[in-house]
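As structure tokens, the structure follows; a few thoughts come after it.
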Amino acid sequence: MDTYLQQILETKGVLSKMIGDKAPKVGIVLGSGLGKLADKIEAEMVVPYAKIPNFVRSTAIGHKGNLIFGRLAGKWVCAMQGRFHYYEGYSMRTVTFPIRVMAALGVETLFVSNAAGGLNPGFYVGDLMVIRDHINLLPNPLIGPNLDAFGERFPDMTAPYDQELIAKVGEIAEEAGIRLCKGVYLGNTGPSYETPAEVRFYRAIGADAVGMSTVPEVLVARQCGMRVFGMSVITNVSNTDNDSPVLNDGQDVIVAADAAADKMSLLFSKLIESL
Ligand code: HPA
């Protein structure tokens with residue numbers, strides 16, 4: 001058996017034993033500064049990544065590194081409080097390993113969140129953007145021998161983000177009076193932020209927000225047949241001008257994400273309730 005598949009099954013086995021019959025149907029990936037949503041989960045179990053076989057450490061700022069099992073909005077969920085990034089030096093298989101484990105545990109719907117830079121000139125710091133599509137400028141995590149047990153060699157990506165959930169979140173946001181943007185997320189490697197020339201390029205090819213994550217997890221989740229919902233918190237607006245006095249800074253990103261976390265938590269909870 002492929003060693004990667006063996007590792008997935010080993011990790012799944014260990015976690016299954018811990019959670020017994022409380023198998024999650026919903027998976028959540030909490031990005032930079034968004035770990036606060038975890039406080040809304042009635043946790044049955046909080047497992048540090050260091051205690052999970054075959055999990056690596058999350059070294060990124062604003063990422064706590066816990067896998068939380070519990071109930072949110074009446075559903076059994078499994079939430080990653082912090083994710084793994086390619087820029088940390090991990091392979092794409094390592095970055096997406098937890099998503100494979102979630103699939104093996106029986107997760108059917110994946111909610112992904114991230115902090116992102118606003119490219120669309122109509123976006124402001126603190127805005128929430130529903131991801132309606134993406135552009136991938138990271139290596140594809142599906143490269144390599146295909147794990148047939150999980151899905152196809154050439155998975156379709158016509159609608160990576162679930163259209164029904166996108167429509168539903170629009171109604172929920174309107175009812176709650178939350179301003180909601182919609183757009184295309186561009187995932188690149190980081191860890192350096194974009195130059196103004198790159199910002200203009202990304203805008204020109206149709207991106208509305210830019211970040212360093214999410215797309216790998218979505219590609220794997222879709223290959224595994226999960227429904228996916230994604231949301232970006234706009235934590236900074238990207239510079240198009242080399243003379244800009246405002247510079248991008250990792251700490252500012254965490255502060256802005258934290259400020260928007262309550263709005264995002266509400267939308268995620270209501271969506272999960274509606275499943
Ligand atoms: N660029 C890339 N990643 C990001 C940004 C950005 O401006 N903000 C938060 N994550």
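Numbering starts fresh at 1 for the residues of each chain in the structure tokens, the chains themselves are lettered A, B, ... in the order given, and ligands are numbered from 1 as they appear.
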
For this session: Would you list the residues that come within 7 Å of ligand 1? Count only C-alpha atoms and all ligand atoms and give the answer as a list of chain:residue names.
Result: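 Here is the list of contacting residues: A:Ala115, A:Ala116, A:Gly117, A:Gly118, A:Gly190, A:Tyr193, A:Glu194, A:Val210, A:Gly211, A:Met212, A:Thr235, A:Asn236, A:Val237, A:Ser238, A:Asn248, A:Val253.
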
Written file, previous selection with N, CA and C atoms, as an mmCIF file, in the first residue's frame:
```cif
data_model
loop_
_atom_site.group_PDB
_atom_site.id
_atom_site.type_symbol
_atom_site.label_atom_id
_atom_site.label_comp_id
_atom_site.auth_asym_id
_atom_site.auth_seq_id
_atom_site.Cartn_x
_atom_site.Cartn_y
_atom_site.Cartn_z
ATOM 1 N N ALA A 115 -7.207 34.567 5.809
ATOM 2 C CA ALA A 115 -6.974 36.008 5.745
ATOM 3 C C ALA A 115 -6.435 36.281 4.349
ATOM 4 N N ALA A 116 -6.878 37.360 3.735
ATOM 5 C CA ALA A 116 -6.436 37.628 2.361
ATOM 6 C C ALA A 116 -6.274 39.122 2.123
ATOM 7 N N GLY A 117 -5.459 39.424 1.151
ATOM 8 C CA GLY A 117 -5.277 40.809 0.737
ATOM 9 C C GLY A 117 -6.321 41.152 -0.317
ATOM 10 N N GLY A 118 -6.939 42.308 -0.188
ATOM 11 C CA GLY A 118 -7.953 42.728 -1.152
ATOM 12 C C GLY A 118 -7.298 43.272 -2.419
ATOM 13 N N GLY A 190 3.471 32.728 -1.378
ATOM 14 C CA GLY A 190 4.063 33.510 -0.322
ATOM 15 C C GLY A 190 5.471 32.984 -0.102
ATOM 16 N N TYR A 193 4.833 39.127 0.446
ATOM 17 C CA TYR A 193 3.609 39.728 -0.089
ATOM 18 C C TYR A 193 3.852 40.147 -1.537
ATOM 19 N N GLU A 194 2.778 40.559 -2.200
ATOM 20 C CA GLU A 194 2.855 40.862 -3.619
ATOM 21 C C GLU A 194 3.495 42.229 -3.872
ATOM 22 N N VAL A 210 -6.104 37.873 -2.572
ATOM 23 C CA VAL A 210 -4.918 37.031 -2.712
ATOM 24 C C VAL A 210 -4.462 36.534 -1.342
ATOM 25 N N GLY A 211 -4.045 35.280 -1.325
ATOM 26 C CA GLY A 211 -3.553 34.703 -0.073
ATOM 27 C C GLY A 211 -2.579 33.572 -0.353
ATOM 28 N N MET A 212 -2.192 32.891 0.726
ATOM 29 C CA MET A 212 -1.133 31.879 0.618
ATOM 30 C C MET A 212 -1.619 30.490 1.030
ATOM 31 N N THR A 235 -7.901 41.432 5.099
ATOM 32 C CA THR A 235 -7.156 41.970 6.239
ATOM 33 C C THR A 235 -6.269 43.149 5.865
ATOM 34 N N ASN A 236 -6.109 43.368 4.573
ATOM 35 C CA ASN A 236 -5.294 44.495 4.105
ATOM 36 C C ASN A 236 -5.647 44.714 2.636
ATOM 37 N N VAL A 237 -5.425 45.915 2.160
ATOM 38 C CA VAL A 237 -5.672 46.128 0.728
ATOM 39 C C VAL A 237 -4.318 46.221 0.028
ATOM 40 N N SER A 238 -4.210 45.504 -1.069
ATOM 41 C CA SER A 238 -2.917 45.367 -1.733
ATOM 42 C C SER A 238 -2.491 46.668 -2.407
ATOM 43 N N ASN A 248 2.607 46.090 3.904
ATOM 44 C CA ASN A 248 1.960 44.870 4.399
ATOM 45 C C ASN A 248 2.759 44.308 5.565
ATOM 46 N N VAL A 253 -2.288 41.748 9.791
ATOM 47 C CA VAL A 253 -3.212 40.766 9.212
ATOM 48 C C VAL A 253 -3.948 40.025 10.333
#
```

For this session: Determine, counting only C-alpha atoms, which protein, DNA and RNA residues have an atom within 7 Å of an atom of range 128-136 of chain A; residues of the same chain fewer than 4 positions away are not included. Present the result as a PyMOL selection string.
Result: chain A and resi 160-161+180-188+215+230-234

Save the residues we just selected, all heavy atoms, as a short mmCIF file (atom, residue, chain, number, x, y, z; two decimals), in the first residue's frame?
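Below is the file selection27.cif, written as the result:
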```
data_model
loop_
_atom_site.label_atom_id
_atom_site.label_comp_id
_atom_site.auth_asym_id
_atom_site.auth_seq_id
_atom_site.Cartn_x
_atom_site.Cartn_y
_atom_site.Cartn_z
N PRO A 160 -16.00 24.43 -7.90
CA PRO A 160 -15.34 23.93 -6.68
C PRO A 160 -16.04 24.38 -5.41
O PRO A 160 -15.98 23.69 -4.39
CB PRO A 160 -13.93 24.52 -6.76
CG PRO A 160 -13.95 25.56 -7.82
CD PRO A 160 -15.11 25.28 -8.71
N TYR A 161 -16.71 25.53 -5.46
CA TYR A 161 -17.39 26.07 -4.27
C TYR A 161 -18.89 25.88 -4.45
O TYR A 161 -19.44 26.25 -5.50
CB TYR A 161 -16.99 27.54 -4.07
CG TYR A 161 -15.50 27.67 -3.90
CD1 TYR A 161 -14.65 27.80 -5.01
CD2 TYR A 161 -14.92 27.55 -2.64
CE1 TYR A 161 -13.26 27.84 -4.86
CE2 TYR A 161 -13.53 27.59 -2.48
CZ TYR A 161 -12.72 27.74 -3.60
OH TYR A 161 -11.35 27.76 -3.44
N LEU A 180 -21.37 41.64 2.60
CA LEU A 180 -20.71 40.44 2.10
C LEU A 180 -20.26 40.67 0.66
O LEU A 180 -21.05 41.05 -0.20
CB LEU A 180 -21.71 39.27 2.16
CG LEU A 180 -21.18 37.86 2.12
CD1 LEU A 180 -20.18 37.61 3.23
CD2 LEU A 180 -22.33 36.87 2.22
N CYS A 181 -18.97 40.46 0.41
CA CYS A 181 -18.45 40.56 -0.95
C CYS A 181 -18.36 39.14 -1.51
O CYS A 181 -18.43 38.16 -0.76
CB CYS A 181 -17.06 41.18 -0.95
SG CYS A 181 -16.97 42.77 -0.10
N LYS A 182 -18.21 39.05 -2.81
CA LYS A 182 -18.09 37.75 -3.45
C LYS A 182 -16.96 37.86 -4.46
O LYS A 182 -16.84 38.91 -5.11
CB LYS A 182 -19.41 37.47 -4.18
CG LYS A 182 -19.82 36.02 -4.14
CD LYS A 182 -21.03 35.75 -4.97
CE LYS A 182 -22.33 35.86 -4.20
NZ LYS A 182 -23.50 35.57 -5.07
N GLY A 183 -16.14 36.84 -4.59
CA GLY A 183 -15.08 37.00 -5.58
C GLY A 183 -14.19 35.80 -5.74
O GLY A 183 -14.42 34.72 -5.19
N VAL A 184 -13.15 36.02 -6.54
CA VAL A 184 -12.20 34.97 -6.90
C VAL A 184 -10.95 35.12 -6.01
O VAL A 184 -10.37 36.20 -5.92
CB VAL A 184 -11.81 35.10 -8.39
CG1 VAL A 184 -10.69 34.12 -8.75
CG2 VAL A 184 -13.02 34.89 -9.28
N TYR A 185 -10.57 34.00 -5.38
CA TYR A 185 -9.39 33.98 -4.51
C TYR A 185 -8.21 33.43 -5.30
O TYR A 185 -8.32 32.39 -5.96
CB TYR A 185 -9.69 33.05 -3.32
CG TYR A 185 -8.52 32.82 -2.38
CD1 TYR A 185 -8.28 33.69 -1.32
CD2 TYR A 185 -7.68 31.72 -2.53
CE1 TYR A 185 -7.22 33.47 -0.43
CE2 TYR A 185 -6.63 31.50 -1.66
CZ TYR A 185 -6.40 32.37 -0.62
OH TYR A 185 -5.35 32.15 0.26
N LEU A 186 -7.11 34.15 -5.24
CA LEU A 186 -5.90 33.66 -5.89
C LEU A 186 -4.93 33.16 -4.82
O LEU A 186 -4.60 33.90 -3.89
CB LEU A 186 -5.27 34.78 -6.72
CG LEU A 186 -4.02 34.41 -7.53
CD1 LEU A 186 -3.99 35.16 -8.85
CD2 LEU A 186 -2.74 34.66 -6.73
N GLY A 187 -4.53 31.90 -4.94
CA GLY A 187 -3.59 31.33 -3.98
C GLY A 187 -2.20 31.30 -4.57
O GLY A 187 -2.00 30.70 -5.64
N ASN A 188 -1.26 31.98 -3.92
CA ASN A 188 0.13 31.87 -4.35
C ASN A 188 0.98 31.36 -3.19
O ASN A 188 0.47 31.11 -2.10
CB ASN A 188 0.65 33.17 -4.98
CG ASN A 188 0.74 34.32 -4.00
OD1 ASN A 188 0.66 34.12 -2.80
ND2 ASN A 188 0.90 35.53 -4.51
N VAL A 215 -6.43 26.99 -1.44
CA VAL A 215 -6.65 26.28 -2.70
C VAL A 215 -6.22 24.80 -2.59
O VAL A 215 -6.96 23.92 -3.03
CB VAL A 215 -5.95 27.01 -3.88
CG1 VAL A 215 -6.11 26.22 -5.16
CG2 VAL A 215 -6.50 28.42 -4.03
N GLY A 230 -16.08 28.44 1.07
CA GLY A 230 -14.87 29.18 1.46
C GLY A 230 -15.14 30.65 1.69
O GLY A 230 -15.97 31.27 1.01
N MET A 231 -14.43 31.19 2.67
CA MET A 231 -14.58 32.62 2.96
C MET A 231 -13.23 33.25 3.30
O MET A 231 -12.44 32.68 4.05
CB MET A 231 -15.55 32.80 4.13
CG MET A 231 -15.83 34.24 4.43
SD MET A 231 -17.20 34.39 5.56
CE MET A 231 -18.55 34.29 4.41
N SER A 232 -12.99 34.44 2.74
CA SER A 232 -11.78 35.20 3.05
C SER A 232 -12.16 36.41 3.89
O SER A 232 -13.20 37.03 3.65
CB SER A 232 -11.13 35.73 1.76
OG SER A 232 -10.70 34.69 0.94
N VAL A 233 -11.30 36.72 4.84
CA VAL A 233 -11.42 38.00 5.54
C VAL A 233 -10.39 38.92 4.91
O VAL A 233 -9.21 38.56 4.82
CB VAL A 233 -11.13 37.83 7.05
CG1 VAL A 233 -11.16 39.19 7.73
CG2 VAL A 233 -12.12 36.89 7.69
N ILE A 234 -10.84 40.06 4.44
CA ILE A 234 -9.91 41.01 3.81
C ILE A 234 -9.18 41.76 4.94
O ILE A 234 -9.79 42.55 5.66
CB ILE A 234 -10.65 41.99 2.88
CG1 ILE A 234 -11.49 41.23 1.83
CG2 ILE A 234 -9.67 42.96 2.21
CD1 ILE A 234 -10.71 40.30 0.91
#
```

Exercise. Of the residues A:Ile272, A:Ala73, A:Leu247, A:Val220, which is the one nearest to Thr109 in chain A, using only C-alpha atoms?
Worked result: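 Closest candidate: A:Ile272.
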
Exercise. Could you name the residues that touch Ser58 in chain A at 10 Å or less, counting only C-alpha atoms, but leaving out those on the same chain fewer than 3 positions away, as a PyMOL selection string?
Worked result: chain A and resi 49-50+55+61-66+81-85+88+95

Include C-alpha atoms and write out the residues we just selected as a PDB file, in the first residue's frame.
```pdb
ATOM      1  CA  TYR A  49      -1.257  18.479  16.386  1.00  0.00           C
ATOM      2  CA  ALA A  50       1.854  17.299  18.265  1.00  0.00           C
ATOM      3  CA  PHE A  55       0.557  15.570  11.612  1.00  0.00           C
ATOM      4  CA  ILE A  61       1.606  33.171  13.340  1.00  0.00           C
ATOM      5  CA  GLY A  62      -2.025  33.147  14.497  1.00  0.00           C
ATOM      6  CA  HIS A  63      -2.275  29.349  14.110  1.00  0.00           C
ATOM      7  CA  LYS A  64      -2.709  27.474  17.389  1.00  0.00           C
ATOM      8  CA  GLY A  65      -2.309  23.941  16.121  1.00  0.00           C
ATOM      9  CA  ASN A  66      -5.258  22.000  17.558  1.00  0.00           C
ATOM     10  CA  GLN A  81      -7.396  25.571  14.595  1.00  0.00           C
ATOM     11  CA  GLY A  82      -4.572  26.562  12.286  1.00  0.00           C
ATOM     12  CA  ARG A  83      -3.436  25.002   9.030  1.00  0.00           C
ATOM     13  CA  PHE A  84      -0.215  23.996   7.265  1.00  0.00           C
ATOM     14  CA  HIS A  85       1.196  26.136   4.464  1.00  0.00           C
ATOM     15  CA  GLU A  88       6.442  26.671   5.877  1.00  0.00           C
ATOM     16  CA  VAL A  95      -0.266  20.517   3.663  1.00  0.00           C
TER      17      VAL A  95
END
```

Exercise. Interatomic distance between CA of Lys270 in chain A and CA of Phe111 in chain A?
Worked result: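 That distance, rounded to one decimal, is 12.3 Å.
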
For this session: Run DSSP on the backbone and give me the residues of range 1-201 of chain A it puts in helix (DSSP H, G or I), as a ChimeraX atom specification.
Result: /A:3-19,35-40,49-51,86-88,92-95,97-105,163-176,196-201

For this session: Rank nothing, just name the residue among A:Ile28, A:Ala79, A:Leu137, A:Leu72 nearest to Pro216 in chain A, using only C-alpha atoms.
Result: A:Leu137

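The shortest atom-to-atom distance to Ile99 in chain A, with only C-alpha atoms taken into account, belongs to A:Val218 out of A:Ile254, A:Val77, A:Val218, A:Val199.
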
Exercise. Could you pull out all residues of range 31-264 of chain A with a DSSP call of strand (DSSP E) and give them as a PyMOL selection string?
Worked result: chain A and resi 42-48+66-72+75-81+109-118+128-136+180-187+209-211+227-237

Would you tabulate, counting only C-alpha atoms, all residues of range 106-162 of chain A that have an atom at most 9 Å from an atom of range 256-266 of chain A, showing the closest pair of atoms and their distance in Å to one decimal, sorted by chain then ascending number, as JSON lines?
```
{"residue": "A:Ser113", "atom": "CA", "partner": "A:Met264", "partner_atom": "CA", "distance": 8.8}
{"residue": "A:Asn114", "atom": "CA", "partner": "A:Ala257", "partner_atom": "CA", "distance": 8.5}
{"residue": "A:Ala115", "atom": "CA", "partner": "A:Ala257", "partner_atom": "CA", "distance": 6.3}
{"residue": "A:Val125", "atom": "CA", "partner": "A:Ala256", "partner_atom": "CA", "distance": 7.1}
{"residue": "A:Gly126", "atom": "CA", "partner": "A:Ala260", "partner_atom": "CA", "distance": 5.7}
{"residue": "A:Asp127", "atom": "CA", "partner": "A:Ala260", "partner_atom": "CA", "distance": 7.6}
{"residue": "A:Leu128", "atom": "CA", "partner": "A:Met264", "partner_atom": "CA", "distance": 7.4}
```

For this session: State, in Å with one decimal place, the distance from CA of Gly31 in chain A to CA of Val169 in chain A.
Result: 19.0 Å

For this session: Considering only C-alpha atoms, return as a PyMOL selection string whatever protein or nucleic-acid residues lie within 12 Å of Leu142 in chain A, sequence-local ones (same chain, fewer than 3 positions apart) excluded.
Result: chain A and resi 91-97+100+138-139+145-148+150-155+215-224

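Proximity of A:Ile166, A:Gly27, A:Asp243, A:Gly250 to Leu267 in chain A, computed with only C-alpha atoms, is greatest for A:Ile166.
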
Exercise. Could you name the residues that touch Met1 in chain A at 12 Å or less, counting only C-alpha atoms, but leaving out those on the same chain fewer than 2 positions away, as a VMD selection string?
Worked result: chain A and resid 3 to 9 145 147 to 149

Kindly save the residues from that selection, with N, CA, C and O atoms included, as an mmCIF file, in the first residue's frame.
```
data_model
loop_
_atom_site.group_PDB
_atom_site.id
_atom_site.type_symbol
_atom_site.label_atom_id
_atom_site.label_comp_id
_atom_site.auth_asym_id
_atom_site.auth_seq_id
_atom_site.Cartn_x
_atom_site.Cartn_y
_atom_site.Cartn_z
ATOM 1 N N THR A 3 2.562 4.494 1.076
ATOM 2 C CA THR A 3 2.807 4.881 2.479
ATOM 3 C C THR A 3 1.952 6.064 2.904
ATOM 4 O O THR A 3 1.543 6.159 4.066
ATOM 5 N N TYR A 4 1.678 6.961 1.958
ATOM 6 C CA TYR A 4 0.843 8.132 2.288
ATOM 7 C C TYR A 4 -0.553 7.650 2.700
ATOM 8 O O TYR A 4 -1.104 8.088 3.708
ATOM 9 N N LEU A 5 -1.093 6.708 1.927
ATOM 10 C CA LEU A 5 -2.413 6.154 2.245
ATOM 11 C C LEU A 5 -2.367 5.432 3.598
ATOM 12 O O LEU A 5 -3.279 5.574 4.425
ATOM 13 N N GLN A 6 -1.278 4.723 3.826
ATOM 14 C CA GLN A 6 -1.120 4.030 5.120
ATOM 15 C C GLN A 6 -1.149 5.032 6.275
ATOM 16 O O GLN A 6 -1.779 4.791 7.304
ATOM 17 N N GLN A 7 -0.448 6.154 6.074
ATOM 18 C CA GLN A 7 -0.401 7.184 7.127
ATOM 19 C C GLN A 7 -1.791 7.777 7.366
ATOM 20 O O GLN A 7 -2.194 8.012 8.499
ATOM 21 N N ILE A 8 -2.520 8.036 6.283
ATOM 22 C CA ILE A 8 -3.880 8.587 6.409
ATOM 23 C C ILE A 8 -4.739 7.627 7.240
ATOM 24 O O ILE A 8 -5.431 8.034 8.180
ATOM 25 N N LEU A 9 -4.644 6.335 6.900
ATOM 26 C CA LEU A 9 -5.485 5.347 7.591
ATOM 27 C C LEU A 9 -5.057 5.174 9.047
ATOM 28 O O LEU A 9 -5.896 5.006 9.931
ATOM 29 N N PRO A 145 1.258 9.852 -7.634
ATOM 30 C CA PRO A 145 0.371 8.696 -7.791
ATOM 31 C C PRO A 145 -1.021 9.025 -7.259
ATOM 32 O O PRO A 145 -1.131 9.599 -6.168
ATOM 33 N N LEU A 147 -4.525 8.571 -5.463
ATOM 34 C CA LEU A 147 -5.103 7.702 -4.435
ATOM 35 C C LEU A 147 -6.524 7.364 -4.891
ATOM 36 O O LEU A 147 -7.477 8.082 -4.595
ATOM 37 N N ASP A 148 -6.651 6.257 -5.629
ATOM 38 C CA ASP A 148 -7.939 5.914 -6.239
ATOM 39 C C ASP A 148 -9.045 5.741 -5.208
ATOM 40 O O ASP A 148 -10.217 5.953 -5.500
ATOM 41 N N ALA A 149 -8.655 5.373 -3.972
ATOM 42 C CA ALA A 149 -9.654 5.172 -2.922
ATOM 43 C C ALA A 149 -10.392 6.475 -2.618
ATOM 44 O O ALA A 149 -11.504 6.456 -2.081
#
```

Exercise. Quick one: residues within 12 Å of Val14 in chain A, only C-alpha atoms counted, chain neighbours fewer than 2 positions away excluded, as a PyMOL selection string?
Worked result: chain A and resi 7-12+16-20+47+51-55+101+104-105

For this session: Provide the CA of Ala204 in chain A to CA of Gly170 in chain A distance in Å, to one decimal place.
Result: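 Going from CA of Ala204 in chain A over to CA of Gly170 in chain A, I get 26.2 Å.
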
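Distances from A:Cys78, A:Ser32, A:Arg203, A:Ile68 to Gln251 in chain A were compared using only C-alpha atoms, and the smallest one belongs to A:Ser32.
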